[in-house]
Structure formats: structure tokens, C-alpha cells
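Down below is the structure, laid out as C-alpha cells.
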Amino acid sequence: MSNDMESDETPPERGSEDHPDSPSSEGTPRESPDREEPTDHDGADAPRREHGNGSNGRETQTIDDLDDLGSAVDVEVDGEATIEENPSEDDLLGGLRIDSTQEIEVPDRLVDQVIGQEHARDVILKAAKQRRHVMMIGSPGTGKSMLAKAMSELLPKEELQDVLVYHNPDDGNKPKVRTVPSGKGDQIVEAHKEEARKRNQMRSFLMWIIIAIVLGYSLIIAGQILLGILAAGIIYLAFRYGSRSGDAMIPNLIVNNADQTTAPFEDATGAHAGALLGDVRHDPFQSGGMETPSHDRVEPGAIHKSNKGVLFVDEINTLDIRSQQHLMTAIQEGEFGITGQSERSSGAMVQTEPVPTDFVMVAAGNLDAMENMHPALRSRIKGYGYEVYMDDTIEDSPEMRRKYARFVAQEVAKDGRLPHFTANAVEEVILEARRRAGRKGHLTLEFRNLGGLVRVAGDIARSEDAENTTRDHVLQAKGRARSIEQQIADEYIQRRKDYELSVNEGFVTGRVNGLAVMGQDSGIMLPVMAEVTPSQGPGQVIATGQLKEMAEESVQNVSAIIKKFSDQDLSEMDVHVQFVQTGQQGVDGDSASITVATAVISALEDIPVDQGLAMTGSLSVRGDVLPVGGVTHKIEAAAKAGCKRVIIPAANEQDVMIEDEYKDMIEIIPVSHISEVLDVALEGEPEKDSLVDRLKTITGSALPKKGVRGPSSPSPQ
């Protein structure tokens with residue numbers, strides 16, 4: 001289809017042979033010629049604008065202007081704010097010297113507001129230049145939708161198009177489609193409406209003349225007034241019926257880009273088939289001249305509205321297979337006809353000519369999105385575009401801290417109702433970003449949740465009529481903005497205290513306080529109990545408490561260590577392991593491995609375990625304690641439960657960023673081998689020393705003692 005403005009030499013577009021610019025040749029107005037573009041009256045300082053090609057005066061934005069992605073943080077020139085060149089490592093604002101976020105400039109372009117995700121931003125720029133499809137996979141809240149929307153601003157300025165649907169006189173169930181430059185669709189529809197209005201006026205004038213003649217004849221000459229009134233009514237209905245057929249010639253403007261200044265952006269996340277692919281409304285009146293013309297019932301889908309722009313589909317795997325297949329066809333063919341999506345509807349009989357679908361697709365989702373995604377659709381995206389994994393943390397640096405301060409300013413500007421944040425309040429937000437990263441020297445990139453903290457803090461400040469949002473408001477917000485999981489975990493802890501189910505002092509054989517996380521940021525103490533009993537058959541390890549596959553495997557790994565070091569014949573014993581009060585969610589992950597091992601060894605050797613101690617850590621079959629995730633939240637949960645000490649893997653020591661209020665409440669003990677765990681947890685020096693020495697001799701260490709680092713994203717369970 002041609003994208004050029006119509007001229008005498010330009011061949012007609014789809015449907016133009018049946019529907020020329022002029023609705024008819026009976027003296028009705030033709031389309032107005034191309035409008036004269038307005039002249040800039042600002043002299044040489046006026047920005048260069050595109051003219052013609054249906055651009056409607058859109059401001060030109062060259063690709064060279066887009067190379068500076070992720071602009072540096074700027075401050076107001078007239079204010080007292082400054083940026084130090086070489087700030088100290090302890091400076092939480094990265095050298096920013098501001099009184100409040102009001103002094104920080106917020107970039108105009110969305111792509112410059114995205115923080116971190118350097119690789120993703122670079123891909124988006126390349127994809128925008130070359131009109132490539134992109135699939136972004138990563139954790140929620142890392143900027144996928146923001147990058148997709150930014151891409152519509154970065155796309156090269158092309159001629160946007162209007163799409164009209166016309167009545168097909170040969171087959172009413174096959175409406176014709178016509179594509180014209182943006183802005184001309186309104187002109188065509190108005191021309192048809194004006195013609196229909198004039199035609200109706202002429203019909204009405206003729207109708208009333210005929211009615212007057214009939215009534216006059218029946219009254220004066222024939223003397224049958226009732227017969228005349230009946231004839232006049234028939235004539236009136238006949239003319240009204242005829243006017244409906246004339247109105248059916250007015251086209252339906254289904255895609256109107258007259259006021260669009262940038263490439264279209266359509267978010268089709270979770271859209272049903274009709275909203276995504278287009279639909280034809282059902283018409284209950286399909287006979288007797290009462291029906292609505294089929295072309296007037298055509299509704300465009302997101303794939304049609306995003307023509308020449310961006311179609312964004314988050315959680316792409318939630319689309320049903322049929323919709324994914326049709327989406328694949330639209331991507332491949334660049335056009336897709338509209339039909340009724342319900343087979344029981346009259347719209348199912350309607351099928352338009354193909355409608356343009358020349359869009360750039362940006363698909364997004366979590367890691368599980370790739371599992372249920374149609375392989376052919378993914379192949380289309382991968383073959384004609386890019387796949388990007390979104391980072392969930394980024395290395396802490398002065399530059400990034402300044403950008404996080406700008407992030408707070410951006411959230412305040414977007415909301416429009418929040419007081420600006422003081423420098424101390426911004427520092428507290430950056431500290432929370434460190435905590436939520438779960439890794440030393442990193443900041444979280446899950447900005448949606450962090451933005452929630454900013455908004456809650458601002459709401460608290462606004463409720464107090466404060467001029468600015470202070471650090472105290474942010475601290476209050478951290479308590480109020482707890483996740484559902486954290487609220488449930490706190491409720492569990494309180495209930496266990498009420499019913500004396502939490503044991504945090506004394507020594508008990510076969511019972512260990514384990515630690516787990518709920519969701520992503522909520523710790524909870526999870527007791528594990530073990531008992532060894534004579535077996536009536538082959539000995540086995542029996543674990544209960546809604547264990548999932550990974551947790552069951554960790555229990556089996558623990559049994560390997562116990563069988564290797566124990567002097568007792570486990571073939572004649574059953575080892576029972578119970579995860580107490582796990583609830584319906586069960587237990588997933590292997591971070592309870594050292595907890596299970598300690599409980600079972602305590603039960604086997606009949607040596608009590610210190611109940612003022614909690615622990616977390618994975619365990620190799622050689623006895624090495626491996627790193628896990630969520631150690632900060634687990635430590636805080638242990639402190640809330642009243643424990644005085646907590647054991648964590650030595651590799652996780654660098655990841656601990658607990659709140660100040662918990663630092664004096666609990667002692668953190670890093671360990672690297674199961675023998676160190678037992679040395680701390682078990683009661684009784686002679687028996688314990690003998691057991692620990694024997695375990696050291698038998699198992700040995702599979703990992704070096706120095707330089708042990710945990711994986712970048714260990715299992716959080």
C-alpha cells in the first residue's frame with residue numbers, strides 16, 4: 001500500500017476503485033486538496049517540522065538525537081545545588097548537594113528516565129532504528145513497559161495512516177478497506193456525511209411535496225381523507241427506508257491518527273481475542289431494513305491501532321494459543337482482516353479485506369513466559385529482532401546513586417501530588433534500594449515496588465501538610481508499605497508468641513529453628529523437628545510439611561551425610577523430619593538443609609540443640625555450607641522471634657544489610673562447614689567435640705576456605 005499523498009499520477013489504494021475520493025459524481029463535493037502547511041512565524045529559531053506525508057506538523061526527531069541514552073543527572077542552574085566530581089564512597093547521594101528533589105531536573109524523554117538496564121536500552125535503540133521486534137524477560141517492575149513506551153517515541157517518523165471501512169454493494173458481508181494518510185480519514189468521512197445530509201434534505205423535500213399532493217387529491221378530488229392519510233404514511237415509511245440505504249454509504253473510520261504526534265503505542269496485555277485482533281459487533285436486527293450495515297459494526301483490534309507504531313504485550317504467555325497464532329500471522333503478513341470472534345454472533349459472517357498491521361512488537365514476561373509461549377511466535381520475534389534479559393540489580397556507584405535520587409524526583413513529578421523529598425529522605429530510599437538488592441555493593445532495579453515506598457512516604461507527608469517529605473516519613477512508610485507476605489509473617493510470629501509455639505531459649509533434642517522467606521522480602525522462622533525410630537522394614541527418611549521437589553531433594557542430600565558419618569546402622573531405622581506449621585504453601589528450596597542435618601544429627605546422637613539459635617544455609621553432600629538468598633530478611637525474622645544468634649553461610653556475609661534496630665538484638669555467625677554449625681548449635685562439650693571431630697575427619701571440605709563467593713542470585717527459599 002502506498003504511503004504517499006494521493007495525486008493524479010498515484011494509483012488508487014485498496015478499495016479506491018470502488019470508493020473514489022468523491023462519494024458520487026452527482027455534483028457532490030470531492031475531497032479537499034492537500035491542505036497548505038502552516039508557516040512557522042518564529043523566524044530562524046522555529047524548529048524544523050515535517051511537511052506533507054500526513055505528518056500533521058510533527059516535529060522531526062533524527063536518529064542522531066537518540067544516541068545519548070541514559071542522560072546524566074542534572075540540577076537546576078539557578079539554584080544552589082551542585083554535583084561533586086569525586087564524591088566519597090560513603091556519600092549516599094553520589095556527590096549531589098541538594099536541599100530537596102525539586103532541584104533535580106527530570107528528563108523529558110522516557111528512555112532517559114529508565115535507570116540501569118544499559119543493555120536493554122541499547123537494544124531498544126537499535127530495534128527502533130531498524131524496526132525490529134523485541135522480547136524482554138525479567139522480574140516485574142524492572143522497566144519493561146516503560147522501555148516499550150519509550151520505543152514509540154524513538155521510532156523513525158513515518159507516515160501514519162487512517163483506515164476506513166466501506167460498504168461493499170456486491171457482498172455486504174465483505175466490507176472493503178481503504179488506507180489513507182493520517183488526517184485525510186476525517187475529511188473523507190465528513191465529505192460523505194455532507195453528501196448524505198444534502199441527499200436527505202432533497203429526499204425530505206420531495207417526500208413532503210408528494211405527501212401534500214396525495215393528501216390534497218384525496219381531500220379535494222376523491223373525498224377519501226382516510227385513504228389519503230394511509231397513502232401518506234406509506235410514502236413516509238418508504239422514503240425513510242430509502243434514506244437508511246443512503247446512510248450506509250458513509251465509511252467507518254476505524255483507525256484515526258489525525259491527532260497522533262508520535263508513533264502509536266498500544267498495550268494489549270491480557271487482551272481478549274476481540275480487543276487484540278479486532279471484532280464485528282453482533283446485530284440482533286438482521287432483516288426488515290432495521291439491520292446496521294456490516295461495515296459500521298467493524299471494530300479494530302490493538303494490532304490495527306498500533307500500525308506504524310508499537311504493540312506491547314506483557315505476560316505474553318497468558319494469550320491463548322489461537323490468539324498467538326493469529327498474532328504471528330499479523331507479524332508475518334503485515335496485514336490482518338477483521339472478523340467476528342464469536343462464532344454464535346452475526347459478526348462471524350463478516351470478513352473485511354486485510355487491514356494493515358505493520359507494527360513493532362514488544363513482548364514481555366517473567367521467566368515462565370517462555371514456557372507457554374507459542375514456539376513459532378517466539379521464533380518470529382527472535383528471527384526478526386532481539387531477546388533481552390532484564391537485570392534485577394545493578395552495581396552500586398556514585399553515578400547510580402545520583403540516578404536513584406533522580407528516580408525519586410521522577411516519581412514525585414509523575415504523581416503530581418507529593419511533596420518533594422529532602423536529601424535525608426532520598427538517602428533513606430537509596431539505603432532501602434541497597435537492602436532490597438540482597439547483594440552487597442548492588443542496588444535493586446525493581447523500581448515499581450520502590451516507587452510504592454516513595455508514594456506512601458509522600459502520602460504520609462501530605463496528610464501532615466508537610467512542606468517536604470522527610471526521612472521520618474520514609475521510615476514510617478517502610479512500616480506501612482509492608483507486603484502482604486510480610487504482614488502474614490509478622491502475624492505468624494505474634495500468634496506463635498501468644499500460644500507459646502516459638503521456642504527461643506533452652507536446649508531441645510531434635511528441634512532446630514530454621515529460617516525461610518515468603519514472597520521476596522518477608523522472613524519467617526520455621527521450626528524443624530526430627531525423630532529416629534526403629535524400622536519395621538528397610539530404613540528410610542520420611543519428611544512431612546508440604547515439601548516441594550527441591551526441598552525433598554535437599555533432605556535426601558542430608559541423609560547422605562548422616563549415613564556417612566554415623567556409627568549407627570540406619571538401615572534398621574526410620575528418620576522422620578517434620579517442617580512445623582508450613583501451611584498450604586509448603587516448603588520450596590534447599591536453604592533448610594543445615595537445619596534438617598542439625599535436627600537429625602541431634603536426634604541420632606541424643607544431643608540437645610540451642611533454641612536461642614536460628615539458622616539458614618544450603619548443604620552439599622560433602623558437608624559444605626552453600627549460600628542462599630534472602631539472608632537479610634531471615635535474620636530480621638529471627639530477631640523478631642526473639643532469637644539471640646543466627647547462623648548463615650559465610651559466602652552470604654557480604655549480603656547482610658539488616659535494619660539498625662536489629663543490629664544489637666542478634667549475633668550473626670557465618671559458617672562454611674556442617675561441623676562449624678554443630679559446634680555452635682549442639683550442647684555439651686565432650687560429646688559435641690567427639691562428634692564434630694569425627695565429622696571433620698570423615699567428610700572433609702569440598703570447597704576452598706577462602707574466596708568462597710555465593711552465586712549472583714541463589715534460591716531465595
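Letters A, B, ... mark the chains of the C-alpha cells in the order given; residue numbers begin at 1 per chain; ligand numbers begin at 1, in order shown.
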Which residues in segment 335-489 of chain A does DSSP call helix (DSSP H, G or I)? List them as a count of residues only. 83
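For segment 207-213 of chain A, the set of protein, DNA and RNA residues having any atom at most 9 Å away, when counting only C-alpha atoms and skipping those fewer than 5 positions along the same chain, is Met202, Ser218, Gly228, Ile229, Ala231, Ala232, Gly233, Ile235, Tyr236 and Phe239 of chain A.
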Any chance you can output those residues with C-alpha atoms as a PDB file, in the first residue's frame?
```pdb
ATOM      1  CA  MET A 202     -33.642  16.653  -1.119  1.00  0.00           C
ATOM      2  CA  SER A 218     -57.719  12.591  -1.526  1.00  0.00           C
ATOM      3  CA  GLY A 228     -55.114   9.767   1.748  1.00  0.00           C
ATOM      4  CA  ILE A 229     -53.646   9.611   5.268  1.00  0.00           C
ATOM      5  CA  ALA A 231     -51.153   6.607   1.482  1.00  0.00           C
ATOM      6  CA  ALA A 232     -49.152   9.460   3.049  1.00  0.00           C
ATOM      7  CA  GLY A 233     -47.934   7.132   5.829  1.00  0.00           C
ATOM      8  CA  ILE A 235     -44.939   7.195   1.345  1.00  0.00           C
ATOM      9  CA  TYR A 236     -43.252   8.464   4.553  1.00  0.00           C
ATOM     10  CA  PHE A 239     -38.690   7.464   1.991  1.00  0.00           C
TER      11      PHE A 239
END
```
Among segment 324-529 of chain A, which ones does DSSP assign to strand (DSSP E or B) (computed from the backbone)? Answer as number ranges by chain. A: 335-336, 339, 351, 355-356, 360-365, 385-389, 393-395, 421-422, 442-444, 469, 507-509, 511-518, 522-529
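Among the candidate residues A:Leu319, A:Ala423, A:Ile430, A:Ile331, the one lying nearest to Ala369 of chain A is A:Leu319, with distances computed using only C-alpha atoms.
With distances restricted to only C-alpha atoms, A:Ile394 is the closest residue to Gly441 of chain A from A:Ile394, A:Ala263, A:Ile98, A:Ala599.
When atom CA of Met151 of chain A is paired with atom CA of Asn372 of chain A, their separation reads 25.7 Å.
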Quick one: contact table of segment 393-483 of chain A to segment 627-643 of chain A, 10 Å max, nearest atom pair and distance in Å to one decimal per residue, counting only C-alpha atoms, chain and number order, as a Markdown table?
```
| residue | atom | partner | partner_atom | distance |
| --- | --- | --- | --- | --- |
| A:Arg435 | CA | A:Thr632 | CA | 7.7 |
| A:Arg436 | CA | A:Thr632 | CA | 9.0 |
| A:Ala437 | CA | A:Gly630 | CA | 9.6 |
| A:Gly438 | CA | A:Gly630 | CA | 6.5 |
| A:Arg439 | CA | A:Gly629 | CA | 9.1 |
```
What lies within 9 Å of Thr598 of chain A using only C-alpha atoms, ignoring chain neighbours under 4 positions off, as a JSON list (two decimals) with N, CA, C and O atoms, in the first residue's frame?
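around_12.json written:
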```
[["chain", "number", "residue", "atom", "x", "y", "z"],
["A", 510, "GLY", "N", 16.59, -32.67, 68.86],
["A", 510, "GLY", "CA", 15.89, -32.90, 67.60],
["A", 510, "GLY", "C", 15.04, -31.75, 67.12],
["A", 510, "GLY", "O", 14.23, -31.93, 66.20],
["A", 511, "ARG", "N", 15.20, -30.57, 67.70],
["A", 511, "ARG", "CA", 14.41, -29.40, 67.26],
["A", 511, "ARG", "C", 15.35, -28.24, 66.93],
["A", 511, "ARG", "O", 16.19, -27.87, 67.76],
["A", 512, "VAL", "N", 15.17, -27.65, 65.74],
["A", 512, "VAL", "CA", 16.03, -26.56, 65.29],
["A", 512, "VAL", "C", 15.16, -25.46, 64.70],
["A", 512, "VAL", "O", 14.19, -25.74, 63.98],
["A", 593, "SER", "N", 18.65, -26.99, 54.47],
["A", 593, "SER", "CA", 19.48, -28.20, 54.51],
["A", 593, "SER", "C", 20.25, -28.33, 55.82],
["A", 593, "SER", "O", 20.26, -29.39, 56.45],
["A", 594, "ILE", "N", 20.93, -27.25, 56.27],
["A", 594, "ILE", "CA", 21.71, -27.37, 57.51],
["A", 594, "ILE", "C", 20.78, -27.51, 58.71],
["A", 594, "ILE", "O", 21.14, -28.11, 59.72],
["A", 602, "SER", "N", 21.13, -34.27, 65.88],
["A", 602, "SER", "CA", 20.78, -34.12, 67.29],
["A", 602, "SER", "C", 19.93, -35.29, 67.77],
["A", 602, "SER", "O", 20.15, -35.82, 68.88],
["A", 603, "ALA", "N", 18.97, -35.72, 66.95],
["A", 603, "ALA", "CA", 18.12, -36.84, 67.33],
["A", 603, "ALA", "C", 18.89, -38.16, 67.36],
["A", 603, "ALA", "O", 18.70, -38.99, 68.25],
["A", 609, "VAL", "N", 19.83, -29.16, 71.16],
["A", 609, "VAL", "CA", 20.19, -28.03, 70.30],
["A", 609, "VAL", "C", 19.77, -26.74, 71.00],
["A", 609, "VAL", "O", 18.70, -26.66, 71.62],
["A", 674, "ILE", "N", 29.45, -27.99, 57.89],
["A", 674, "ILE", "CA", 28.47, -28.50, 58.83],
["A", 674, "ILE", "C", 29.06, -28.71, 60.22],
["A", 674, "ILE", "O", 28.37, -28.58, 61.24],
["A", 677, "VAL", "N", 28.61, -25.65, 62.14],
["A", 677, "VAL", "CA", 27.21, -25.49, 62.56],
["A", 677, "VAL", "C", 26.96, -26.27, 63.84],
["A", 677, "VAL", "O", 26.40, -25.76, 64.82],
["A", 678, "LEU", "N", 27.42, -27.54, 63.86],
["A", 678, "LEU", "CA", 27.19, -28.38, 65.02],
["A", 678, "LEU", "C", 27.96, -27.87, 66.23],
["A", 678, "LEU", "O", 27.49, -27.97, 67.37],
["A", 681, "ALA", "N", 25.73, -25.09, 67.52],
["A", 681, "ALA", "CA", 24.34, -25.38, 67.86],
["A", 681, "ALA", "C", 24.17, -26.41, 68.97],
["A", 681, "ALA", "O", 23.22, -26.31, 69.76],
["A", 682, "LEU", "N", 25.04, -27.40, 69.06],
["A", 682, "LEU", "CA", 24.81, -28.51, 69.99],
["A", 682, "LEU", "C", 25.31, -28.19, 71.40],
["A", 682, "LEU", "O", 26.26, -27.43, 71.59]]
```
Quick one: everything within 9 Å of segment 454-461 of chain A, counting only C-alpha atoms, minus sequence neighbours fewer than 6 positions away in the same chain. Send it as a VMD selection string. chain A and resid 408 411 to 412 415 417 to 421 429 467 to 478 480 to 481
Using only C-alpha atoms, which residues of segment 145-243 of chain A come within 12 Å of segment 265-275 of chain A, and what is the closest atom pair for each, with the distance in Å to one decimal? Give it as a Markdown table, sorted by chain and residue number.
```
| residue | atom | partner | partner_atom | distance |
| --- | --- | --- | --- | --- |
| A:Ser145 | CA | A:Asp267 | CA | 8.8 |
| A:Met146 | CA | A:Asp267 | CA | 11.2 |
| A:Leu147 | CA | A:Phe265 | CA | 11.6 |
| A:Ala148 | CA | A:Phe265 | CA | 8.4 |
| A:Lys149 | CA | A:Phe265 | CA | 6.5 |
| A:Ala150 | CA | A:Phe265 | CA | 9.3 |
| A:Met151 | CA | A:Phe265 | CA | 8.8 |
| A:Ser152 | CA | A:Phe265 | CA | 6.0 |
| A:Glu153 | CA | A:Phe265 | CA | 9.0 |
| A:Leu154 | CA | A:Phe265 | CA | 11.5 |
| A:Leu155 | CA | A:Phe265 | CA | 10.7 |
```
Requested write-out: N, CA, C and O atoms of the selected residues, as a PDB file, in the first residue's frame:
```pdb
ATOM      1  N   SER A 145       7.694  -2.233  30.571  1.00  0.00           N
ATOM      2  CA  SER A 145       6.649  -1.438  29.924  1.00  0.00           C
ATOM      3  C   SER A 145       7.129  -0.018  29.634  1.00  0.00           C
ATOM      4  O   SER A 145       6.752   0.583  28.621  1.00  0.00           O
ATOM      5  N   MET A 146       7.969   0.518  30.504  1.00  0.00           N
ATOM      6  CA  MET A 146       8.488   1.872  30.297  1.00  0.00           C
ATOM      7  C   MET A 146       9.381   1.919  29.052  1.00  0.00           C
ATOM      8  O   MET A 146       9.309   2.860  28.248  1.00  0.00           O
ATOM      9  N   LEU A 147      10.214   0.892  28.863  1.00  0.00           N
ATOM     10  CA  LEU A 147      11.061   0.833  27.681  1.00  0.00           C
ATOM     11  C   LEU A 147      10.229   0.663  26.417  1.00  0.00           C
ATOM     12  O   LEU A 147      10.543   1.228  25.374  1.00  0.00           O
ATOM     13  N   ALA A 148       9.162  -0.137  26.512  1.00  0.00           N
ATOM     14  CA  ALA A 148       8.298  -0.335  25.350  1.00  0.00           C
ATOM     15  C   ALA A 148       7.642   0.979  24.931  1.00  0.00           C
ATOM     16  O   ALA A 148       7.566   1.299  23.739  1.00  0.00           O
ATOM     17  N   LYS A 149       7.163   1.742  25.920  1.00  0.00           N
ATOM     18  CA  LYS A 149       6.543   3.023  25.601  1.00  0.00           C
ATOM     19  C   LYS A 149       7.575   4.004  25.067  1.00  0.00           C
ATOM     20  O   LYS A 149       7.279   4.810  24.174  1.00  0.00           O
ATOM     21  N   ALA A 150       8.774   3.937  25.624  1.00  0.00           N
ATOM     22  CA  ALA A 150       9.836   4.819  25.131  1.00  0.00           C
ATOM     23  C   ALA A 150      10.176   4.515  23.686  1.00  0.00           C
ATOM     24  O   ALA A 150      10.557   5.408  22.928  1.00  0.00           O
ATOM     25  N   MET A 151      10.007   3.256  23.290  1.00  0.00           N
ATOM     26  CA  MET A 151      10.341   2.868  21.919  1.00  0.00           C
ATOM     27  C   MET A 151       9.443   3.574  20.911  1.00  0.00           C
ATOM     28  O   MET A 151       9.875   3.909  19.804  1.00  0.00           O
ATOM     29  N   SER A 152       8.176   3.814  21.291  1.00  0.00           N
ATOM     30  CA  SER A 152       7.280   4.509  20.368  1.00  0.00           C
ATOM     31  C   SER A 152       7.751   5.942  20.121  1.00  0.00           C
ATOM     32  O   SER A 152       7.497   6.507  19.057  1.00  0.00           O
ATOM     33  N   GLU A 153       8.437   6.529  21.105  1.00  0.00           N
ATOM     34  CA  GLU A 153       8.987   7.873  20.922  1.00  0.00           C
ATOM     35  C   GLU A 153      10.247   7.836  20.063  1.00  0.00           C
ATOM     36  O   GLU A 153      10.589   8.831  19.417  1.00  0.00           O
ATOM     37  N   LEU A 154      10.936   6.686  20.066  1.00  0.00           N
ATOM     38  CA  LEU A 154      12.202   6.587  19.346  1.00  0.00           C
ATOM     39  C   LEU A 154      12.034   6.134  17.905  1.00  0.00           C
ATOM     40  O   LEU A 154      12.954   6.276  17.103  1.00  0.00           O
ATOM     41  N   LEU A 155      10.873   5.565  17.578  1.00  0.00           N
ATOM     42  CA  LEU A 155      10.687   5.050  16.223  1.00  0.00           C
ATOM     43  C   LEU A 155      10.878   6.155  15.194  1.00  0.00           C
ATOM     44  O   LEU A 155      10.437   7.288  15.406  1.00  0.00           O
TER      45      LEU A 155
END
```
